[in-house]
Structures are given as C-alpha cells and as structure tokens.
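Pasting model-v1.pdb here (PDB, C-alpha atoms):
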```pdb
ATOM      1  CA  MET A 944     -19.135  12.643  -0.996
ATOM      2  CA  ASN A 945     -21.806  11.615  -3.483
ATOM      3  CA  HIS A 946     -20.428  13.184  -6.694
ATOM      4  CA  GLN A 947     -17.523  11.834  -8.696
ATOM      5  CA  THR A 948     -14.398  13.830  -8.011
ATOM      6  CA  PHE A 949     -12.008  15.025 -10.700
ATOM      7  CA  VAL A 950      -9.378  12.586  -9.494
ATOM      8  CA  GLU A 951     -11.752   9.627  -9.739
ATOM      9  CA  ALA A 952     -12.509  10.480 -13.364
ATOM     10  CA  GLU A 953      -8.830  10.995 -14.097
ATOM     11  CA  ILE A 954      -7.904   7.650 -12.530
ATOM     12  CA  ALA A 955     -10.570   5.928 -14.635
ATOM     13  CA  SER A 956      -9.253   7.482 -17.848
ATOM     14  CA  GLN A 957      -5.773   5.967 -17.585
ATOM     15  CA  PRO A 958      -6.271   2.991 -19.942
ATOM     16  CA  GLN A 959      -7.224   5.507 -22.639
ATOM     17  CA  THR A 960      -4.368   7.949 -21.962
ATOM     18  CA  TRP A 961      -1.809   5.121 -21.884
ATOM     19  CA  ARG A 962      -2.968   4.010 -25.329
ATOM     20  CA  GLN A 963      -2.668   7.601 -26.547
ATOM     21  CA  ALA A 964       0.869   7.730 -25.181
ATOM     22  CA  ALA A 965       1.754   4.541 -27.051
ATOM     23  CA  GLN A 966       0.432   6.062 -30.272
ATOM     24  CA  LEU A 967       2.458   9.228 -29.659
ATOM     25  CA  ALA A 968       5.732   7.471 -28.819
ATOM     26  CA  PRO A 969       7.007   6.798 -32.375
ATOM     27  CA  SER A 970       6.648  10.434 -33.391
ATOM     28  CA  VAL A 971       8.569  11.821 -30.391
ATOM     29  CA  GLY A 972      11.298   9.198 -30.144
ATOM     30  CA  GLY A 973      13.889  11.583 -31.567
ATOM     31  CA  ALA A 974      13.327  13.931 -28.628
ATOM     32  CA  LEU A 975      14.091  11.211 -26.082
ATOM     33  CA  PRO A 976      17.433   9.681 -25.056
ATOM     34  CA  GLN A 977      19.066   7.290 -27.490
ATOM     35  CA  ASP A 978      20.939   4.082 -26.698
ATOM     36  CA  GLY A 979      24.239   4.610 -24.927
ATOM     37  CA  GLN A 980      23.572   8.139 -23.757
ATOM     38  CA  ARG A 981      24.192   9.001 -20.123
ATOM     39  CA  VAL A 982      20.864  10.307 -18.816
ATOM     40  CA  ALA A 983      19.497  12.125 -15.779
ATOM     41  CA  VAL A 984      15.746  12.102 -15.144
ATOM     42  CA  VAL A 985      14.371  14.812 -12.864
ATOM     43  CA  GLY A 986      11.068  15.759 -11.302
ATOM     44  CA  CYS A 987       9.453  16.943  -8.090
ATOM     45  CA  GLY A 988       7.050  14.956  -5.938
ATOM     46  CA  THR A 989       5.134  12.462  -8.053
ATOM     47  CA  SER A 990       7.252  13.265 -11.103
ATOM     48  CA  TRP A 991      10.412  12.358  -9.174
ATOM     49  CA  PHE A 992       8.991   8.940  -8.314
ATOM     50  CA  ILE A 993       8.089   8.345 -11.961
ATOM     51  CA  ALA A 994      11.651   9.392 -12.808
ATOM     52  CA  GLN A 995      12.935   6.736 -10.395
ATOM     53  CA  ALA A 996      10.914   4.030 -12.116
ATOM     54  CA  TYR A 997      11.989   5.037 -15.626
ATOM     55  CA  ALA A 998      15.643   5.349 -14.647
ATOM     56  CA  VAL A 999      15.800   1.767 -13.422
ATOM     57  CA  LEU A1000      13.845   0.464 -16.412
ATOM     58  CA  ARG A1001      16.113   2.202 -18.918
ATOM     59  CA  GLU A1002      19.410   1.233 -17.322
ATOM     60  CA  SER A1003      18.388  -2.363 -16.565
ATOM     61  CA  ALA A1004      17.325  -2.762 -20.215
ATOM     62  CA  GLY A1005      20.876  -1.916 -21.267
ATOM     63  CA  HIS A1006      20.229   1.504 -22.798
ATOM     64  CA  GLY A1007      22.817   3.326 -20.718
ATOM     65  CA  VAL A1008      23.515   4.880 -17.336
ATOM     66  CA  THR A1009      20.342   6.537 -16.059
ATOM     67  CA  ASP A1010      20.003   8.380 -12.743
ATOM     68  CA  ALA A1011      16.937   9.964 -11.133
ATOM     69  CA  PHE A1012      16.961  13.074  -8.968
ATOM     70  CA  ALA A1013      14.524  15.361  -7.224
ATOM     71  CA  GLY A1014      14.727  18.674  -9.037
ATOM     72  CA  SER A1015      16.279  20.373  -6.018
ATOM     73  CA  GLU A1016      18.950  17.679  -5.603
ATOM     74  CA  PHE A1017      20.472  17.495  -9.075
ATOM     75  CA  PRO A1018      24.261  17.204  -8.679
ATOM     76  CA  ALA A1019      25.660  20.309 -10.336
ATOM     77  CA  GLY A1020      28.810  19.574 -12.268
ATOM     78  CA  ARG A1021      28.047  15.933 -13.031
ATOM     79  CA  ASP A1022      28.181  15.218 -16.752
ATOM     80  CA  TYR A1023      25.151  13.850 -18.589
ATOM     81  CA  ASP A1024      24.358  13.663 -22.272
ATOM     82  CA  PHE A1025      20.640  14.179 -21.750
ATOM     83  CA  ILE A1026      18.265  15.474 -19.081
ATOM     84  CA  VAL A1027      14.640  14.295 -19.072
ATOM     85  CA  ALA A1028      12.458  16.604 -16.988
ATOM     86  CA  ILE A1029       8.931  15.558 -15.997
ATOM     87  CA  THR A1030       6.655  18.409 -14.906
ATOM     88  CA  ARG A1031       2.885  18.434 -15.230
ATOM     89  CA  SER A1032       2.477  22.191 -14.920
ATOM     90  CA  GLY A1033       5.773  23.288 -16.441
ATOM     91  CA  THR A1034       5.960  25.995 -13.764
ATOM     92  CA  THR A1035       7.862  24.213 -10.983
ATOM     93  CA  THR A1036      10.715  26.486  -9.961
ATOM     94  CA  GLU A1037      13.370  23.829  -9.393
ATOM     95  CA  ILE A1038      12.776  22.247 -12.803
ATOM     96  CA  ILE A1039      12.810  25.554 -14.675
ATOM     97  CA  ASP A1040      16.055  26.596 -12.992
ATOM     98  CA  LEU A1041      17.662  23.211 -13.669
ATOM     99  CA  VAL A1042      16.710  23.077 -17.357
ATOM    100  CA  ARG A1043      17.682  26.696 -17.933
ATOM    101  CA  ALA A1044      21.130  26.080 -16.411
ATOM    102  CA  ALA A1045      21.790  22.942 -18.501
ATOM    103  CA  THR A1046      23.285  24.861 -21.414
ATOM    104  CA  ASP A1047      25.749  22.101 -22.337
ATOM    105  CA  THR A1048      23.281  19.205 -22.042
ATOM    106  CA  THR A1049      20.360  18.274 -24.290
ATOM    107  CA  THR A1050      17.077  18.665 -22.420
ATOM    108  CA  VAL A1051      13.540  17.434 -22.974
ATOM    109  CA  VAL A1052      10.500  18.406 -20.928
ATOM    110  CA  LEU A1053       7.466  16.133 -20.651
ATOM    111  CA  THR A1054       4.587  18.386 -19.642
ATOM    112  CA  ALA A1055       0.845  18.873 -19.798
ATOM    113  CA  VAL A1056       1.348  22.588 -20.497
ATOM    114  CA  PRO A1057       3.636  22.946 -23.523
ATOM    115  CA  THR A1058       3.467  26.758 -23.397
ATOM    116  CA  ALA A1059       4.786  26.966 -19.816
ATOM    117  CA  GLU A1060       8.213  28.282 -18.867
ATOM    118  CA  ALA A1061       9.888  24.880 -18.473
ATOM    119  CA  ALA A1062       8.957  24.046 -22.049
ATOM    120  CA  ARG A1063      10.239  27.377 -23.336
ATOM    121  CA  VAL A1064      13.725  26.846 -21.896
ATOM    122  CA  ALA A1065      14.111  23.198 -22.995
ATOM    123  CA  ASP A1066      15.617  21.899 -26.235
ATOM    124  CA  HIS A1067      12.678  19.548 -26.813
ATOM    125  CA  VAL A1068       9.109  19.412 -25.518
ATOM    126  CA  ILE A1069       6.732  16.455 -25.430
ATOM    127  CA  ASP A1070       3.134  17.607 -25.192
ATOM    128  CA  LEU A1071       1.059  15.423 -22.863
ATOM    129  CA  SER A1072      -1.774  17.920 -22.500
ATOM    130  CA  PHE A1073      -4.266  15.139 -23.275
ATOM    131  CA  ALA A1074      -3.349  13.725 -19.845
ATOM    132  CA  ASP A1075      -3.625  17.020 -17.923
ATOM    133  CA  GLU A1076      -5.649  17.035 -14.719
ATOM    134  CA  GLN A1077      -7.988  19.266 -12.777
ATOM    135  CA  SER A1078      -7.192  17.623  -9.465
ATOM    136  CA  VAL A1079      -4.183  18.833  -7.505
ATOM    137  CA  VAL A1080      -3.348  15.174  -6.853
ATOM    138  CA  GLN A1081      -1.467  13.711  -9.818
ATOM    139  CA  THR A1082      -2.537  10.375 -11.224
ATOM    140  CA  ARG A1083      -2.965  10.029 -14.976
ATOM    141  CA  PHE A1084      -0.358  12.575 -16.058
ATOM    142  CA  ALA A1085       2.370  10.739 -14.186
ATOM    143  CA  THR A1086       1.451   7.259 -15.360
ATOM    144  CA  THR A1087       0.908   8.475 -18.926
ATOM    145  CA  ALA A1088       4.403   9.967 -18.950
ATOM    146  CA  LEU A1089       5.740   6.611 -17.767
ATOM    147  CA  ALA A1090       3.688   4.789 -20.408
ATOM    148  CA  LEU A1091       5.272   6.984 -23.089
ATOM    149  CA  LEU A1092       8.759   6.365 -21.735
ATOM    150  CA  ARG A1093       8.147   2.620 -21.477
ATOM    151  CA  ALA A1094       6.826   2.561 -25.039
ATOM    152  CA  HIS A1095      10.030   4.284 -26.174
ATOM    153  CA  LEU A1096      11.981   1.496 -24.445
ATOM    154  CA  GLY A1097      10.051  -1.060 -26.478
ATOM    155  CA  THR A1098       7.297  -2.109 -24.068
ATOM    156  CA  ASP A1099       3.943  -3.052 -25.604
ATOM    157  CA  ILE A1100       1.498  -0.783 -23.797
ATOM    158  CA  GLU A1101      -1.707  -2.571 -24.836
ATOM    159  CA  PRO A1102      -1.397  -5.403 -22.253
ATOM    160  CA  LEU A1103      -0.684  -2.749 -19.617
ATOM    161  CA  ALA A1104      -3.816  -0.827 -20.609
ATOM    162  CA  ALA A1105      -5.827  -4.052 -20.343
ATOM    163  CA  ASP A1106      -4.396  -4.596 -16.860
ATOM    164  CA  ALA A1107      -5.342  -1.005 -16.035
ATOM    165  CA  GLU A1108      -8.935  -1.726 -16.989
ATOM    166  CA  GLN A1109      -8.889  -4.688 -14.629
ATOM    167  CA  ALA A1110      -7.381  -2.540 -11.864
ATOM    168  CA  LEU A1111     -10.399  -0.253 -12.081
ATOM    169  CA  THR A1112     -12.686  -3.145 -11.091
ATOM    170  CA  ILE A1113     -10.818  -4.327  -7.981
ATOM    171  CA  ASP A1114     -12.678  -3.651  -4.738
ATOM    172  CA  VAL A1115     -10.701  -1.441  -2.349
ATOM    173  CA  ALA A1116     -13.388  -0.910   0.288
ATOM    174  CA  ASP A1117     -12.027  -3.465   2.755
ATOM    175  CA  LEU A1118      -8.455  -2.242   2.292
ATOM    176  CA  ALA A1119      -9.532   1.309   3.087
ATOM    177  CA  THR A1120     -10.410   0.296   6.651
ATOM    178  CA  ALA A1121      -6.703  -0.165   7.465
ATOM    179  CA  GLU A1122      -4.960   2.072   9.995
ATOM    180  CA  GLN A1123      -1.572   2.129   8.236
ATOM    181  CA  VAL A1124       0.123   0.838   5.085
ATOM    182  CA  SER A1125       3.713   0.196   4.024
ATOM    183  CA  PHE A1126       4.257   0.076   0.248
ATOM    184  CA  LEU A1127       7.123  -2.025  -1.083
ATOM    185  CA  GLY A1128       8.862  -2.392  -4.423
ATOM    186  CA  ARG A1129      11.913  -3.912  -6.064
ATOM    187  CA  GLY A1130      14.003  -2.349  -8.820
ATOM    188  CA  TRP A1131      11.844  -0.041 -10.915
ATOM    189  CA  THR A1132       8.777  -0.586  -8.747
ATOM    190  CA  ILE A1133      10.412   1.133  -5.760
ATOM    191  CA  GLY A1134       9.452   4.380  -7.487
ATOM    192  CA  LEU A1135       5.874   3.151  -7.761
ATOM    193  CA  ALA A1136       5.840   2.237  -4.064
ATOM    194  CA  ASN A1137       7.039   5.742  -3.225
ATOM    195  CA  GLU A1138       4.314   7.202  -5.406
ATOM    196  CA  ALA A1139       1.579   5.017  -3.889
ATOM    197  CA  ALA A1140       2.588   6.150  -0.414
ATOM    198  CA  LEU A1141       2.540   9.780  -1.515
ATOM    199  CA  LYS A1142      -0.970   9.441  -2.962
ATOM    200  CA  ALA A1143      -2.461   8.274   0.332
ATOM    201  CA  ARG A1144      -0.594  10.963   2.262
ATOM    202  CA  GLU A1145      -1.745  13.705  -0.125
ATOM    203  CA  ALA A1146      -5.345  12.670  -0.649
ATOM    204  CA  ALA A1147      -6.158  11.397   2.837
ATOM    205  CA  GLN A1148      -3.492  12.680   5.275
ATOM    206  CA  PHE A1149      -2.855   9.002   5.968
ATOM    207  CA  TRP A1150       0.142   7.302   7.586
ATOM    208  CA  THR A1151       2.040   5.523   4.835
ATOM    209  CA  GLU A1152       5.643   4.475   4.332
ATOM    210  CA  ALA A1153       7.569   3.070   1.366
ATOM    211  CA  TYR A1154      10.660   0.874   1.192
ATOM    212  CA  PRO A1155      12.641  -1.427  -1.069
ATOM    213  CA  ALA A1156      11.108  -4.834  -0.353
ATOM    214  CA  MET A1157      14.393  -6.524   0.541
ATOM    215  CA  ASP A1158      15.266  -3.731   2.968
ATOM    216  CA  TYR A1159      11.843  -3.749   4.627
ATOM    217  CA  ARG A1160      12.911  -6.649   6.845
ATOM    218  CA  HIS A1161      15.859  -4.619   8.127
ATOM    219  CA  GLY A1162      13.756  -2.715  10.635
ATOM    220  CA  PRO A1163      10.477  -1.377   9.179
ATOM    221  CA  ILE A1164       8.753  -4.754   9.486
ATOM    222  CA  ALA A1165       8.659  -4.028  13.223
ATOM    223  CA  ILE A1166       5.531  -1.909  12.728
ATOM    224  CA  ALA A1167       3.595  -4.662  10.924
ATOM    225  CA  GLU A1168       0.622  -5.768  13.003
ATOM    226  CA  GLU A1169      -3.091  -6.491  12.843
ATOM    227  CA  GLY A1170      -5.054  -3.749  11.129
ATOM    228  CA  ARG A1171      -2.121  -2.673   8.936
ATOM    229  CA  LEU A1172      -1.230  -3.433   5.309
ATOM    230  CA  VAL A1173       2.017  -4.352   3.597
ATOM    231  CA  TRP A1174       1.443  -3.660  -0.100
ATOM    232  CA  MET A1175       3.838  -5.077  -2.700
ATOM    233  CA  PHE A1176       4.430  -3.863  -6.269
ATOM    234  CA  GLY A1177       5.987  -6.495  -8.499
ATOM    235  CA  GLN A1178       7.389  -9.849  -7.453
ATOM    236  CA  ALA A1179       7.781 -10.205  -3.695
ATOM    237  CA  PRO A1180      10.917 -11.624  -2.082
ATOM    238  CA  ALA A1181      10.490 -15.285  -1.151
ATOM    239  CA  GLY A1182       8.872 -15.735   2.246
ATOM    240  CA  LEU A1183       8.002 -12.083   2.820
ATOM    241  CA  ASP A1184       4.248 -12.660   2.658
ATOM    242  CA  ALA A1185       4.502 -15.320   5.386
ATOM    243  CA  GLU A1186       6.633 -13.074   7.593
ATOM    244  CA  VAL A1187       4.092 -10.264   7.279
ATOM    245  CA  ALA A1188       1.181 -12.611   7.999
ATOM    246  CA  ALA A1189       2.972 -13.941  11.072
ATOM    247  CA  ARG A1190       2.923 -10.418  12.493
ATOM    248  CA  GLY A1191      -0.811 -10.050  11.898
ATOM    249  CA  ALA A1192      -0.644  -7.586   8.986
ATOM    250  CA  LEU A1193      -2.359  -8.165   5.641
ATOM    251  CA  PHE A1194      -0.048  -8.711   2.689
ATOM    252  CA  VAL A1195      -1.490  -7.066  -0.446
ATOM    253  CA  HIS A1196      -0.393  -7.917  -3.977
ATOM    254  CA  HIS A1197      -2.161  -7.696  -7.330
ATOM    255  CA  ASP A1198      -1.243  -9.901 -10.266
ATOM    256  CA  LEU A1199      -1.046  -7.014 -12.722
ATOM    257  CA  ASP A1200       1.695  -5.052 -14.384
ATOM    258  CA  PRO A1201       2.971  -2.911 -11.471
ATOM    259  CA  MET A1202       2.042   0.327 -13.235
ATOM    260  CA  ALA A1203      -1.534  -0.942 -13.491
ATOM    261  CA  ALA A1204      -1.380  -2.075  -9.873
ATOM    262  CA  LEU A1205      -0.592   1.534  -8.975
ATOM    263  CA  ILE A1206      -4.131   2.368 -10.116
ATOM    264  CA  VAL A1207      -5.475   0.191  -7.307
ATOM    265  CA  ALA A1208      -3.382   2.210  -4.851
ATOM    266  CA  GLN A1209      -4.669   5.471  -6.337
ATOM    267  CA  ARG A1210      -8.233   4.288  -5.844
ATOM    268  CA  PHE A1211      -7.321   3.201  -2.309
ATOM    269  CA  ALA A1212      -6.124   6.745  -1.574
ATOM    270  CA  VAL A1213      -9.415   8.202  -2.794
ATOM    271  CA  ALA A1214     -11.379   5.677  -0.740
ATOM    272  CA  LEU A1215      -9.416   6.713   2.348
ATOM    273  CA  ALA A1216     -10.196  10.361   1.684
ATOM    274  CA  VAL A1217     -13.889   9.536   1.422
ATOM    275  CA  ARG A1218     -13.664   7.547   4.665
ATOM    276  CA  PHE A1219     -12.233  10.598   6.446
ATOM    277  CA  GLY A1220     -14.630  13.082   4.856
ATOM    278  CA  LEU A1221     -11.880  14.827   2.854
ATOM    279  CA  ASP A1222     -11.868  16.205  -0.677
ATOM    280  CA  PRO A1223      -9.125  14.336  -2.582
ATOM    281  CA  ASP A1224      -9.150  16.963  -5.343
ATOM    282  CA  ARG A1225      -7.981  19.642  -2.914
ATOM    283  CA  PRO A1226      -5.542  18.185  -0.404
ATOM    284  CA  ARG A1227      -4.503  20.212   2.614
ATOM    285  CA  ALA A1228      -1.511  22.542   2.133
ATOM    286  CA  LEU A1229      -0.969  21.557  -1.520
ATOM    287  CA  THR A1230      -1.267  23.386  -4.831
ATOM    288  CA  ARG A1231      -0.959  22.227  -8.441
ATOM    289  CA  SER A1232       2.594  23.559  -8.702
ATOM    290  CA  VAL A1233       5.230  24.767  -6.255
ATOM    291  CA  ILE A1234       6.535  28.147  -7.390
ATOM    292  CA  LEU A1235       9.271  29.541  -5.170
ATOM    293  CA  GLN A1236       9.884  33.231  -4.614
ATOM    294  CA  PRO A1237      13.314  34.531  -5.633
TER
END
```
Could you show the structure in this file as structure tokens?
Amino acid sequence: MNHQTFVEAEIASQPQTWRQAAQLAPSVGGALPQDGQRVAVVGCGTSWFIAQAYAVLRESAGHGVTDAFAGSEFPAGRDYDFIVAITRSGTTTEIIDLVRAATDTTTVVLTAVPTAEAARVADHVIDLSFADEQSVVQTRFATTALALLRAHLGTDIEPLAADAEQALTIDVADLATAEQVSFLGRGWTIGLANEAALKAREAAQFWTEAYPAMDYRHGPIAIAEEGRLVWMFGQAPAGLDAEVAARGALFVHHDLDPMAALIVAQRFAVALAVRFGLDPDRPRALTRSVILQP
C-alpha cells in the first residue's frame, strides 16, 4: 500500500479537530448535561467506548451520576435526566430507536451528520461534521467528540492537542510485528483500551483483548509471552510492568495524555493492516453504519 489511506489522513488531523472542538465547546454547553443531572451516555461500537470514557470522567469529577451503555443495552425504565447519544452517521438503528423513545428525558445527539434521523428526533444536536470521516474505521470523529465533552468538563484541550502531535511521530513499526496485544486501562481509560482493541480488530483482523488493568492479573495475564504486547493507557498499577516482562511480553506505555496515546494505537492498527496486505479504510464485514431491518 503506497498511497495514504483515508484513515491515515484522518488520524493525522486529530490535533486540529480537537482544537476545533475546544473552540466549539462554549457555544454548545447549554445542550450538554449540567452539574447534578443524572446522565446516560449511549453509542454503538467505537461510540460506546467513548461513552464509557466520558461517563467515568464526568462522574469522577463530581458532576453527577453518569452511566454508559451500548445502544442496544439501554435499561428501559431507568430514570435519567439527560441522554447523550454519540453517533457518527446519525443512522444507527439502535440509537434512533432509543432517542425517539426517550420522550420524558432530554436528549442530545453528537453527530457528523446533523441532518440524519438521529438528529431529527433529538432535543439538541451538536454538529461535528468537521470531524466526519471517509474511512469506515472511526478515529477522529470519536476522539473529537471526547475532546468536546472533556472541554465541557473543564479540561484544557491545548496540551492534549500538543500530545497528539507528538503521538503522530512515535514509531510503531517494531510494535506492528507482534502476534497479539492486550490493551489495559484504569478508570476512564478502560474505554480507550476497549477502543484500541477494536481498532486493531477492525482494521487488521488482529487478535486483541482489552481489560481493566487491575483485573488483568486475575487470569488474562496467562497469555502474556514473548512476541506479544501488553499496552497500558494511563498510569499502570505498581509492579505490573515487571510481571509482564517476567513472562516475556513487551509492556507498552506512552507518557502522553491517554487520549493522545490512543492515536499511537490507531496508527498501530493501520500498520498491522499494511503488514497483512489489508485495506484499513474498508474492513471486512463492516459498513459505516449498522441499519437494522424492521
């Protein structure tokens, strides 16, 4: 593969789209949950994993109870003040059905297609079309949505964008020779670990797993061995790197904001696809949106 793929260009654009999200955040703050509200965050696939990260960030910052659900697994009958739905295409069946049914709950849709059905049935819409993508594999839309949500929580996005620029320079060629990788996170970065694992599975049909870092030692560490990676987002539990090394696996960690470190994992997924002669823009069995038949 000698030409730059769509996904490579989209990955490289993330410092710019994160800064755009930070600029947008003040003007859309009224459409997002306020302090003390009980919030559900929903999405499918990548968007669900971004929802997981935001939910932990919001609740741990003291803004109120925040739960994350896959669109198909939202607990009907549970009371929330606000539903945040993340959907790049705005056409995902489970999200449309969920938002349409939430007649007694305020809803906001974060989407790259503000004219799509999910946006039409929501109370509020946040237009992230500047972060839309041509690749089936999601990268910049998801992280840009998280950048917006983090900015709304009070995070300064500029240092994160600077870290993202650094992440684009990190060599992943040696990592892409691995035969397997387990991604780990703690707290809000568990969602990022889940997303990193999904990227390599989607783009390269590659064996990846994801776990909470503290729980990794309760069984999954058994597969760690030479030729495999254990990849940590955020601060690692004390002694975990030594335990992984003792089993012959390579412990991977980047001293960046974890959202920026996710960029390294995105680039790793593309490098794997290239290694296997695959097109990461068009992964096997996947489409831009899952639309279910009635």
Find the residue from A:Ala1165, A:Ala1074, A:Val1173, A:Ala952 that sits nearest to A:Gln1123; use only C-alpha atoms when measuring.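 Using only C-alpha atoms, the shortest distance to A:Gln1123 belongs to A:Val1173.
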Using all atoms listed in the file, determine which residues lie at most 8 Å from stretch 990-1006 of chain A, disregarding the query and same-chain residues fewer than 4 positions distant; provide the list as a VMD selection string.
-> chain A and resid 977 to 980 983 to 986 1010 to 1014 1029 to 1031 1085 to 1086 1089 1092 to 1093 1096 1130 to 1135 1137 to 1138
*Can you work out which one of A:Ala1059, A:Ala1188, A:Ile1038, A:Ile1069 has the shortest atom-to-atom distance to A:Leu975, counting only C-alpha atoms?*
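Closest to A:Leu975 of all the choices is A:Ile1069.
Here atom CA of A:Glu1169 and atom CA of A:Ala1192 stand 4.7 Å from one another.
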Please enumerate the residues selected by the PyMOL selection byres ((chain A and resi 1050) around 6) when evaluated against the supplied file, formatted as a ChimeraX atom specification. /A:1025-1026,1049,1051,1065-1066
Inset, instruction - Take the point (8.8, 11.4, -26.9) in the file's coordinates, draw a sphere of radius 8 Å around it, and report as JSON, numbers by chain every protein, DNA or RNA residue with an atom inside or on it, counting all atoms listed in the file. - result: {"A": [967, 968, 969, 970, 971, 972, 973, 974, 975, 1053, 1069, 1091, 1092, 1095]}
Take the residues from that selection and put them in a file with C-alpha atoms, as a short mmCIF file (atom, residue, chain, number, x, y, z; two decimals), in the frame of the given file.
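Saved to selection-v4.cif:
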```
data_model
loop_
_atom_site.label_atom_id
_atom_site.label_comp_id
_atom_site.auth_asym_id
_atom_site.auth_seq_id
_atom_site.Cartn_x
_atom_site.Cartn_y
_atom_site.Cartn_z
CA LEU A 967 2.46 9.23 -29.66
CA ALA A 968 5.73 7.47 -28.82
CA PRO A 969 7.01 6.80 -32.38
CA SER A 970 6.65 10.43 -33.39
CA VAL A 971 8.57 11.82 -30.39
CA GLY A 972 11.30 9.20 -30.14
CA GLY A 973 13.89 11.58 -31.57
CA ALA A 974 13.33 13.93 -28.63
CA LEU A 975 14.09 11.21 -26.08
CA LEU A 1053 7.47 16.13 -20.65
CA ILE A 1069 6.73 16.45 -25.43
CA LEU A 1091 5.27 6.98 -23.09
CA LEU A 1092 8.76 6.36 -21.74
CA HIS A 1095 10.03 4.28 -26.17
#
```
Can you work out the spacing between atom CA of A:Ala1146 and atom CA of A:Ile1166 in Å, to one decimal?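 Value for the atom CA of A:Ala1146-atom CA of A:Ile1166 distance: 22.6 Å.
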Exercise. Once the PyMOL selection byres ((chain A and resi 1103) around 9) has been applied to the shown file, what residues remain in the selection, as a list of chain:residue names?
Worked result: A:Pro958, A:Trp961, A:Ala1090, A:Asp1099, A:Ile1100, A:Glu1101, A:Pro1102, A:Ala1104, A:Ala1105, A:Asp1106, A:Ala1107, A:Glu1108, A:Leu1199, A:Asp1200, A:Pro1201, A:Met1202, A:Ala1203
